[in-house]
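Asker: Okay, handing you the structure first.
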Number of protein chains: 2
Amino acid sequence: MKKQWRNTKTKEMVMDVFCCEAGALCHADIVQRLAGKIDRVTVYRILQGFFDEGVLHKISAENGRTYYALCRDCSAGQHADNHAHFYCMGCKTVSCLEEVAQLPQLPQGYSVSEASWFISGYCPNCRAV
Amino acid sequence: MKKQWRNTKTKEMVMDVFCCEAGALCHADIVQRLAGKIDRVTVYRILQGFFDEGVLHKISAENGRTYYALCRDCSAGQHADNHAHFYCMGCKTVSCLEEVAQLPQLPQGYSVSEASWFISGYCPNCRAV
DNA sequence: TTTTTTATTGCAACGCTATTGCAATACCGA
DNA sequence: TCGGTATTGCAATAGCGTTGCAATAAAAAA
């Protein structure tokens, strides 16, 4: 049986952080922005919860950290996380590249459950400097 | 100044493991196969060393672990690691899909330093079961 | 071959990200 | 308002990887 979802102040705070931010955020980002207000373990659980609800999507970065970003183009129920994610080595941020989306063409016999496309480099801003 | 590369028994053992294996291996895989013969820290350093030499390429899996695989299609000096990597949820192995290779088409202004394409699902063997 | 130089190894301790158990607290429906 | 239960905070633990250092061994020099 699925757990009942409950709205709480802590969840609201975390969601606010995401709404004020353009890119993707990792656990440490959230904790830092809400320093002293929420326990770090709670942040882990809330992020996982939002992910389970389909509100955030999850991005495993090369640095071992997990980033989360608001789902924008996800149609009701369907979780469309098939776009690329970009890590800028200049400003050290992770962002979604909605434009870069591609489903892989696998050899015969394979079945795909998830695909992630992770790119690192410099974003237009940092490259110019 | 670059360090001098030295051939040792331990490195040979690690390389043998890769040569006997089709897919990619993570640190724990190597340690397990060489249980009691090499220290775990040494394995980390040897893997990093082989990577620096361009003999192995590195794969960051979604599970947070780092896998390594022999470079096969890499022409001299050039490290061509632009193919996709596949994690089979059945046999829990990581393999290289040399056939699935694609350079990302990024929006104007971005510069790419690295790109990784990670797919999980079921391989032909495990799917059939 | 013997000596010298220095890369490499093993061991112990540490760092970072994330998870689990549990008692106390706060939501939400009745 | 009340009661069941999801949620929170705290402490402890787990997993993967790194660092420091003394001892060892490979390759170059004598």
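Letters A, B, ... go to the chains of the structure tokens in the order shown; residues in each chain start at 1; ligands are counted from 1 in the same order.
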Take chain A, lay it over chain B with a least-squares fit on all the Cα atoms in order, then hand it over as an mmCIF file with C-alpha atoms, in the first residue's frame.
Answerer:
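Listing of selection-v7.cif after writing:
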data_model
loop_
_atom_site.group_PDB
_atom_site.id
_atom_site.type_symbol
_atom_site.label_atom_id
_atom_site.label_comp_id
_atom_site.auth_asym_id
_atom_site.auth_seq_id
_atom_site.Cartn_x
_atom_site.Cartn_y
_atom_site.Cartn_z
ATOM 1 C CA MET A 1 57.523 16.128 -14.812
ATOM 2 C CA LYS A 2 55.686 12.925 -15.550
ATOM 3 C CA LYS A 3 56.338 9.883 -13.418
ATOM 4 C CA GLN A 4 58.158 6.938 -14.864
ATOM 5 C CA TRP A 5 55.857 4.002 -15.537
ATOM 6 C CA ARG A 6 56.986 0.752 -13.964
ATOM 7 C CA ASN A 7 55.802 -2.772 -14.725
ATOM 8 C CA THR A 8 55.051 -4.774 -11.633
ATOM 9 C CA LYS A 9 53.471 -8.083 -10.702
ATOM 10 C CA THR A 10 50.461 -6.403 -9.188
ATOM 11 C CA LYS A 11 49.738 -4.385 -12.308
ATOM 12 C CA GLU A 12 50.110 -7.531 -14.377
ATOM 13 C CA MET A 13 47.601 -9.356 -12.186
ATOM 14 C CA VAL A 14 45.075 -6.578 -12.564
ATOM 15 C CA MET A 15 45.570 -6.471 -16.306
ATOM 16 C CA ASP A 16 45.117 -10.233 -16.520
ATOM 17 C CA VAL A 17 41.746 -9.910 -14.867
ATOM 18 C CA PHE A 18 40.642 -7.437 -17.512
ATOM 19 C CA CYS A 19 41.924 -9.610 -20.329
ATOM 20 C CA CYS A 20 39.931 -12.598 -19.085
ATOM 21 C CA GLU A 21 36.766 -10.591 -18.879
ATOM 22 C CA ALA A 22 34.445 -9.309 -21.560
ATOM 23 C CA GLY A 23 32.694 -6.450 -19.779
ATOM 24 C CA ALA A 24 33.677 -3.593 -17.554
ATOM 25 C CA LEU A 25 34.761 -4.141 -13.969
ATOM 26 C CA CYS A 26 34.588 -2.072 -10.839
ATOM 27 C CA HIS A 27 37.075 -1.887 -8.008
ATOM 28 C CA ALA A 28 35.217 -4.496 -5.940
ATOM 29 C CA ASP A 29 35.205 -6.951 -8.864
ATOM 30 C CA ILE A 30 38.972 -6.788 -9.128
ATOM 31 C CA VAL A 31 39.532 -7.091 -5.411
ATOM 32 C CA GLN A 32 37.257 -10.099 -5.287
ATOM 33 C CA ARG A 33 39.015 -11.865 -8.154
ATOM 34 C CA LEU A 34 42.409 -11.187 -6.601
ATOM 35 C CA ALA A 35 41.303 -11.734 -3.036
ATOM 36 C CA GLY A 36 44.227 -11.842 -0.633
ATOM 37 C CA LYS A 37 46.751 -11.029 -3.320
ATOM 38 C CA ILE A 38 46.552 -7.257 -3.566
ATOM 39 C CA ASP A 39 45.566 -4.578 -1.134
ATOM 40 C CA ARG A 40 42.393 -2.724 -1.995
ATOM 41 C CA VAL A 41 44.110 0.659 -1.966
ATOM 42 C CA THR A 42 46.665 -0.596 -4.449
ATOM 43 C CA VAL A 43 43.856 -1.647 -6.744
ATOM 44 C CA TYR A 44 42.449 1.872 -6.640
ATOM 45 C CA ARG A 45 45.821 3.281 -7.540
ATOM 46 C CA ILE A 46 46.487 0.828 -10.305
ATOM 47 C CA LEU A 47 43.113 1.477 -11.890
ATOM 48 C CA GLN A 48 43.744 5.193 -11.775
ATOM 49 C CA GLY A 49 47.198 4.594 -13.222
ATOM 50 C CA PHE A 50 45.921 2.539 -16.126
ATOM 51 C CA PHE A 51 43.343 5.197 -16.764
ATOM 52 C CA ASP A 52 46.004 7.900 -16.839
ATOM 53 C CA GLU A 53 48.040 5.792 -19.250
ATOM 54 C CA GLY A 54 45.007 5.534 -21.508
ATOM 55 C CA VAL A 55 44.788 1.767 -21.232
ATOM 56 C CA LEU A 56 41.439 1.685 -19.469
ATOM 57 C CA HIS A 57 38.539 4.009 -19.768
ATOM 58 C CA LYS A 58 36.422 5.066 -16.859
ATOM 59 C CA ILE A 59 32.675 4.694 -16.508
ATOM 60 C CA SER A 60 30.680 6.350 -13.730
ATOM 61 C CA ALA A 61 27.660 4.191 -13.124
ATOM 62 C CA GLU A 62 24.398 5.334 -11.621
ATOM 63 C CA ASN A 63 24.998 3.196 -8.543
ATOM 64 C CA GLY A 64 27.853 5.473 -7.554
ATOM 65 C CA ARG A 65 30.541 2.992 -8.459
ATOM 66 C CA THR A 66 33.216 3.561 -11.028
ATOM 67 C CA TYR A 67 33.753 0.896 -13.655
ATOM 68 C CA TYR A 68 36.738 0.437 -15.898
ATOM 69 C CA ALA A 69 37.023 -1.253 -19.269
ATOM 70 C CA LEU A 70 39.852 -2.014 -21.650
ATOM 71 C CA CYS A 71 40.125 0.489 -24.441
ATOM 72 C CA ARG A 72 39.704 -1.403 -27.669
ATOM 73 C CA ASP A 73 38.881 1.060 -30.401
ATOM 74 C CA CYS A 74 41.167 3.773 -29.199
ATOM 75 C CA SER A 75 43.602 4.820 -31.858
ATOM 76 C CA ALA A 76 47.110 5.644 -30.752
ATOM 77 C CA GLY A 77 47.077 8.452 -28.277
ATOM 78 C CA GLN A 78 43.497 9.362 -29.016
ATOM 79 C CA HIS A 79 41.152 8.252 -26.296
ATOM 80 C CA ALA A 80 37.856 7.503 -27.978
ATOM 81 C CA ASP A 81 35.403 6.860 -25.207
ATOM 82 C CA ASN A 82 32.386 8.275 -26.913
ATOM 83 C CA HIS A 83 30.332 5.104 -27.009
ATOM 84 C CA ALA A 84 27.467 4.195 -24.730
ATOM 85 C CA HIS A 85 27.696 2.028 -21.625
ATOM 86 C CA PHE A 86 25.058 -0.429 -20.610
ATOM 87 C CA TYR A 87 24.153 -1.742 -17.190
ATOM 88 C CA CYS A 88 22.162 -4.955 -17.206
ATOM 89 C CA MET A 89 19.791 -5.108 -14.259
ATOM 90 C CA GLY A 90 19.614 -8.860 -14.682
ATOM 91 C CA CYS A 91 23.218 -10.000 -14.544
ATOM 92 C CA LYS A 92 24.374 -6.754 -12.932
ATOM 93 C CA THR A 93 27.216 -6.215 -15.323
ATOM 94 C CA VAL A 94 28.409 -3.179 -17.205
ATOM 95 C CA SER A 95 29.386 -3.438 -20.831
ATOM 96 C CA CYS A 96 30.432 -1.167 -23.654
ATOM 97 C CA LEU A 97 28.163 -0.694 -26.614
ATOM 98 C CA GLU A 98 30.671 0.281 -29.252
ATOM 99 C CA GLU A 99 27.886 0.463 -31.806
ATOM 100 C CA VAL A 100 26.043 3.164 -29.951
ATOM 101 C CA ALA A 101 28.218 6.191 -30.366
ATOM 102 C CA GLN A 102 27.153 9.715 -30.860
ATOM 103 C CA LEU A 103 28.607 13.097 -30.278
ATOM 104 C CA PRO A 104 26.117 15.490 -28.789
ATOM 105 C CA GLN A 105 24.828 18.421 -30.774
ATOM 106 C CA LEU A 106 25.023 21.203 -28.239
ATOM 107 C CA PRO A 107 23.478 24.643 -28.552
ATOM 108 C CA GLN A 108 25.778 27.416 -29.708
ATOM 109 C CA GLY A 109 28.424 28.606 -27.312
ATOM 110 C CA TYR A 110 28.970 25.408 -25.371
ATOM 111 C CA SER A 111 32.276 23.602 -25.491
ATOM 112 C CA VAL A 112 32.370 19.891 -24.738
ATOM 113 C CA SER A 113 35.135 18.245 -22.793
ATOM 114 C CA GLU A 114 33.553 14.893 -21.998
ATOM 115 C CA ALA A 115 30.292 13.158 -22.731
ATOM 116 C CA SER A 116 28.942 9.995 -21.265
ATOM 117 C CA TRP A 117 25.942 7.996 -22.262
ATOM 118 C CA PHE A 118 24.733 5.550 -19.661
ATOM 119 C CA ILE A 119 21.858 3.182 -20.246
ATOM 120 C CA SER A 120 20.332 0.593 -17.978
ATOM 121 C CA GLY A 121 17.928 -2.208 -18.763
ATOM 122 C CA TYR A 122 18.165 -5.862 -19.694
ATOM 123 C CA CYS A 123 20.648 -7.430 -22.037
ATOM 124 C CA PRO A 124 19.492 -9.996 -24.630
ATOM 125 C CA ASN A 125 20.450 -12.892 -22.361
ATOM 126 C CA CYS A 126 18.630 -11.733 -19.259
ATOM 127 C CA ARG A 127 15.641 -10.432 -21.138
ATOM 128 C CA ALA A 128 14.948 -13.842 -22.626
ATOM 129 C CA VAL A 129 14.667 -15.500 -19.211
#
Asker: For a quick test of understanding: name the residues of chain C lying within 10 Å of chain B when counting only C-alpha atoms (C1' of nucleotides), and present them as a list of chain:residue names.
Answerer: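 That gives the following set of residues: C:DT6, C:DA7, C:DT8, C:DT9, C:DG10, C:DC11, C:DT17.
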Asker: Next, dump the selected residues to file, keeping only N, CA and C atoms (P, O5', C5', C4', C3', O3' and C1' of nucleotides), as a tab-separated table (two decimals), in the first residue's frame.
Answerer:
chain	number	residue	atom	x	y	z
C	6	DT	P	65.98	10.08	-7.98
C	6	DT	O5'	64.60	9.29	-7.99
C	6	DT	C5'	64.22	8.53	-9.13
C	6	DT	C4'	63.04	7.64	-8.77
C	6	DT	C3'	61.93	8.33	-7.96
C	6	DT	O3'	60.69	7.77	-8.36
C	6	DT	C1'	62.56	6.43	-6.88
C	7	DA	P	59.60	8.65	-9.14
C	7	DA	O5'	58.57	7.53	-9.61
C	7	DA	C5'	58.95	6.63	-10.63
C	7	DA	C4'	58.40	5.24	-10.35
C	7	DA	C3'	56.89	5.20	-10.08
C	7	DA	O3'	56.38	4.06	-10.77
C	7	DA	C1'	58.05	4.27	-8.23
C	8	DT	P	54.85	3.68	-10.70
C	8	DT	O5'	54.76	2.71	-9.44
C	8	DT	C5'	55.53	1.52	-9.46
C	8	DT	C4'	55.29	0.72	-8.20
C	8	DT	C3'	53.82	0.54	-7.80
C	8	DT	O3'	53.57	-0.85	-7.74
C	8	DT	C1'	55.15	1.14	-5.93
C	9	DT	P	52.10	-1.42	-7.54
C	9	DT	O5'	52.10	-1.84	-6.01
C	9	DT	C5'	53.05	-2.80	-5.55
C	9	DT	C4'	53.04	-2.88	-4.03
C	9	DT	C3'	51.66	-3.08	-3.41
C	9	DT	O3'	51.61	-4.36	-2.80
C	9	DT	C1'	52.94	-1.41	-2.25
C	10	DG	P	50.23	-4.98	-2.25
C	10	DG	O5'	50.26	-4.59	-0.71
C	10	DG	C5'	51.36	-4.99	0.09
C	10	DG	C4'	51.21	-4.46	1.51
C	10	DG	C3'	49.82	-4.63	2.14
C	10	DG	O3'	50.01	-5.08	3.47
C	10	DG	C1'	50.45	-2.33	2.19
C	11	DC	P	48.80	-5.63	4.36
C	11	DC	O5'	48.63	-4.46	5.43
C	11	DC	C5'	49.79	-3.98	6.14
C	11	DC	C4'	49.46	-2.68	6.86
C	11	DC	C3'	48.07	-2.63	7.48
C	11	DC	O3'	48.19	-2.40	8.88
C	11	DC	C1'	48.58	-0.63	6.30
C	17	DT	P	30.43	15.63	-0.25
C	17	DT	O5'	29.38	14.45	-0.51
C	17	DT	C5'	29.60	13.58	-1.59
C	17	DT	C4'	28.72	12.36	-1.46
C	17	DT	C3'	27.22	12.68	-1.25
C	17	DT	O3'	26.50	12.02	-2.27
C	17	DT	C1'	27.99	11.07	0.32
Asker: Please identify all residues of chain D having at least one atom at most 8 Å from any atom of chain B, considering only C-alpha atoms (C1' of nucleotides), and return them as a PyMOL selection string.
Answerer: chain D and resi 16+26-27
Asker: Extract the full set of strand (DSSP E or B) residues from chain A according to DSSP on the backbone, and format it as JSON, numbers by chain.
Answerer: {"A": [24, 25, 26, 56, 57, 58, 59, 60, 66, 67, 68, 69, 70, 83, 84, 85, 86, 87, 88, 93, 94, 95, 96, 97, 98, 99, 100, 101, 111, 112, 113, 114, 115, 116, 117, 118, 119, 120, 121, 122]}
Asker: State, in Å with one decimal place, the distance from atom C1' of DG20 of chain D to atom C1' of DC16 of chain C.
Answerer: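 Between atom C1' of DG20 of chain D and atom C1' of DC16 of chain C the gap is 17.9 Å.
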Asker: Identify, with DSSP run on backbone atoms, the residues in chain B assigned to helix (DSSP H, G or I), and express the list as a ChimeraX atom specification.
Answerer: /B:9-19,27-33,40-53,124-128
Asker: Excluding DA30 of chain C and residues on its chain fewer than 6 positions from it, collect all residues at most 12 Å away from it, counting only C-alpha atoms (C1' of nucleotides), and give them as a list in words.
Answerer: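 Counting only the stated atoms, we get DT1, DC2, DG3 and DG4 of chain D.
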Asker: So how far away is atom C1' of DT19 of chain D from atom C1' of DT4 of chain C, in Å?
Answerer: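 So the two atoms, atom C1' of DT4 of chain C and atom C1' of DT19 of chain D, lie 27.7 Å apart.
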Asker: Identify, on the basis of only C-alpha atoms (C1' of nucleotides), every residue whose closest approach to DA12 of chain D does not exceed 12 Å; exclude the query and any residue fewer than 4 positions from it along the same chain; express the result as number ranges by chain.
Answerer: C: 19-22
